[in-house]
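Chemist: Just passing along the structure, written as structure tokens.
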Amino acid sequence: MTVPVIAIDGPSASGKGTIASRVAESLGFHYLESGALYRLVALLSLRHDTLDEARLAGLAASMDASFRGGRVFLEKQDVSEDIRSEACGNRASKVARMPAVRTALLKRQRAFRQPPGLVADGRDMATVVFPDASLKIFLTANPEVRAERRYKQLKEKGISANLRALSRDLAERDARDASRAVAPLAPAPDSQVLDSSALSIDEVVERIVGWCRERHLGGRS
Ligand code: DC
């Protein structure tokens, strides 16, 4: 039997990460945050000061990346904070446009599909990486709500932020992610679009877990 996948795609700061990891926990499934892989390649791109596609694809295929207890490691070094910086996010959206980088990361992403199941979040989980996912969700929120959420997140971490600059960066990143030639950000034809602007995190998680239960996905009650 194939291992079930729940694909959760959506734009930056739509709350995908928090929601997908909570859904995974509630179902007892593994969790893949695919954006972290793009952010790791971005970190290498910044460290090596290169935007050379072939070189970055090589690094994407060979990098020693691991995920443990919600932390992200590169060559055994905890880089969880480094990859969350806005500089790294912006660079990630540039390396994510490169077809050779996307191809290099495909196999790595599919390797996360392990029993009893996987919840994967990103931009192209439903369209490219796991087109046979059992449940496909496209999670959105209006741009103002997303900028506010990102602003709060950064503030809570003690990182100073400017709401207007954040809004502008988010809009630029969305436009780049949606307009690129390979795997652009878009709902799959069979995705359920879920607008979280007026919903709390708990409400979104409950709704998705409810849809999973209707499909008999996930072991825990
Ligand atoms: O989800 P995030 O903000 O951490 O993603 C960082 C960047 O990586 C974002 O600009 C889009 C890109 N990305 C992608 O192209 N495909 C994915 N599956 C995940 C992320």
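Ordering of the structure tokens sets the chain letters (A, B, ...); residue numbers start at 1 within each chain; ligands are numbered from 1 in the order shown.
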At a cut-off of 7 Å and counting only C-alpha atoms and all ligand atoms, what residues surround ligand 1? Please answer as a PDB file with N, CA and C atoms, in the first residue's frame.
Modeler:
ATOM      1  N   SER A  12       3.807  32.682   1.209  1.00  0.00           N
ATOM      2  CA  SER A  12       4.584  32.989   2.419  1.00  0.00           C
ATOM      3  C   SER A  12       3.683  33.502   3.526  1.00  0.00           C
ATOM      4  N   ALA A  13       3.974  33.105   4.751  1.00  0.00           N
ATOM      5  CA  ALA A  13       3.278  33.598   5.942  1.00  0.00           C
ATOM      6  C   ALA A  13       1.775  33.325   5.931  1.00  0.00           C
ATOM      7  N   SER A  34       9.119  21.731   3.254  1.00  0.00           N
ATOM      8  CA  SER A  34       9.993  21.783   2.073  1.00  0.00           C
ATOM      9  C   SER A  34      10.683  23.134   1.926  1.00  0.00           C
ATOM     10  N   GLY A  35      10.046  24.214   2.429  1.00  0.00           N
ATOM     11  CA  GLY A  35      10.661  25.536   2.356  1.00  0.00           C
ATOM     12  C   GLY A  35      12.018  25.560   3.052  1.00  0.00           C
ATOM     13  N   ALA A  36      12.174  24.742   4.100  1.00  0.00           N
ATOM     14  CA  ALA A  36      13.451  24.720   4.839  1.00  0.00           C
ATOM     15  C   ALA A  36      14.571  24.215   3.932  1.00  0.00           C
ATOM     16  N   TYR A  38      14.741  24.671   0.651  1.00  0.00           N
ATOM     17  CA  TYR A  38      15.094  25.807  -0.219  1.00  0.00           C
ATOM     18  C   TYR A  38      15.869  26.860   0.571  1.00  0.00           C
ATOM     19  N   ARG A  39      15.494  27.061   1.829  1.00  0.00           N
ATOM     20  CA  ARG A  39      16.206  28.034   2.656  1.00  0.00           C
ATOM     21  C   ARG A  39      17.647  27.568   2.937  1.00  0.00           C
ATOM     22  N   GLY A  89      15.167  34.180   3.350  1.00  0.00           N
ATOM     23  CA  GLY A  89      13.876  33.962   2.678  1.00  0.00           C
ATOM     24  C   GLY A  89      13.862  34.557   1.286  1.00  0.00           C
ATOM     25  N   ASN A  90      14.412  35.749   1.171  1.00  0.00           N
ATOM     26  CA  ASN A  90      14.452  36.408  -0.137  1.00  0.00           C
ATOM     27  C   ASN A  90      15.372  35.661  -1.099  1.00  0.00           C
ATOM     28  N   ALA A  92      16.017  32.520  -0.879  1.00  0.00           N
ATOM     29  CA  ALA A  92      15.363  31.227  -1.156  1.00  0.00           C
ATOM     30  C   ALA A  92      14.426  31.345  -2.349  1.00  0.00           C
ATOM     31  N   SER A  93      13.712  32.463  -2.421  1.00  0.00           N
ATOM     32  CA  SER A  93      12.779  32.591  -3.529  1.00  0.00           C
ATOM     33  C   SER A  93      13.525  32.736  -4.858  1.00  0.00           C
ATOM     34  N   ALA A  96      14.865  29.133  -5.651  1.00  0.00           N
ATOM     35  CA  ALA A  96      13.726  28.259  -5.944  1.00  0.00           C
ATOM     36  C   ALA A  96      13.249  28.402  -7.390  1.00  0.00           C
ATOM     37  N   ARG A  97      13.708  29.440  -8.090  1.00  0.00           N
ATOM     38  CA  ARG A  97      13.331  29.608  -9.501  1.00  0.00           C
ATOM     39  C   ARG A  97      14.180  28.738 -10.411  1.00  0.00           C
ATOM     40  N   ASP A 121       4.476  20.521   3.599  1.00  0.00           N
ATOM     41  CA  ASP A 121       4.041  21.870   3.242  1.00  0.00           C
ATOM     42  C   ASP A 121       5.043  22.554   2.326  1.00  0.00           C
ATOM     43  N   GLY A 122       4.513  23.406   1.445  1.00  0.00           N
ATOM     44  CA  GLY A 122       5.386  24.110   0.503  1.00  0.00           C
ATOM     45  C   GLY A 122       4.592  24.879  -0.532  1.00  0.00           C
ATOM     46  N   ARG A 123       5.080  24.837  -1.778  1.00  0.00           N
ATOM     47  CA  ARG A 123       4.407  25.553  -2.862  1.00  0.00           C
ATOM     48  C   ARG A 123       3.901  24.592  -3.926  1.00  0.00           C
ATOM     49  N   ASP A 124       4.628  23.467  -4.092  1.00  0.00           N
ATOM     50  CA  ASP A 124       4.313  22.548  -5.194  1.00  0.00           C
ATOM     51  C   ASP A 124       4.162  21.112  -4.700  1.00  0.00           C
ATOM     52  N   MET A 125       3.765  20.958  -3.431  1.00  0.00           N
ATOM     53  CA  MET A 125       3.610  19.608  -2.875  1.00  0.00           C
ATOM     54  C   MET A 125       2.521  18.850  -3.646  1.00  0.00           C
ATOM     55  N   ARG A 173       7.844  38.603  -3.120  1.00  0.00           N
ATOM     56  CA  ARG A 173       8.159  37.184  -3.095  1.00  0.00           C
ATOM     57  C   ARG A 173       7.006  36.366  -3.697  1.00  0.00           C
ATOM     58  N   ASP A 177       7.239  33.891  -6.790  1.00  0.00           N
ATOM     59  CA  ASP A 177       6.884  32.469  -6.652  1.00  0.00           C
ATOM     60  C   ASP A 177       5.754  32.081  -7.608  1.00  0.00           C
TER      61      ASP A 177
END
Chemist: Residues of segment 14-217 of chain A in strand (DSSP E) according to DSSP, as number ranges by chain?
Modeler: A: 30-33, 65-68, 71-74, 77-78, 118-122, 135-140, 192-195
Chemist: Would you please work out which residue, of A:Ala181, A:Ile137, A:Arg22, A:Ser196, is nearest to Arg149 of chain A when using only C-alpha atoms?
Modeler: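 Residue with the minimum atom-to-atom distance to Arg149 of chain A: A:Ser196.
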Chemist: Using only C-alpha atoms, determine which residues lie at most 8 Å from Ser14 of chain A, disregarding the query and same-chain residues fewer than 4 positions distant; provide the list as a list in words.
Modeler: Gly10, Leu139, Thr140, Ala141, Arg146 and Ser196 of chain A
Chemist: Among segment 48-84 of chain A, which ones does DSSP place in alpha helix (DSSP H), written as a list in words?
Modeler: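 Matching residues, listed in order: Glu53, Ala54, Arg55, Leu56, Ala57, Gly58, Leu59, Ala60, Ala61, Ser62, Ser80, Glu81, Asp82 and Ile83 of chain A.
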Chemist: Pick the closest to Pro131 of chain A from A:Gly17, A:Pro189, A:Gly58, A:Gly218: which is it, counting only C-alpha atoms?
Modeler: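 That would be A:Pro189, the residue with the smallest distance to Pro131 of chain A.
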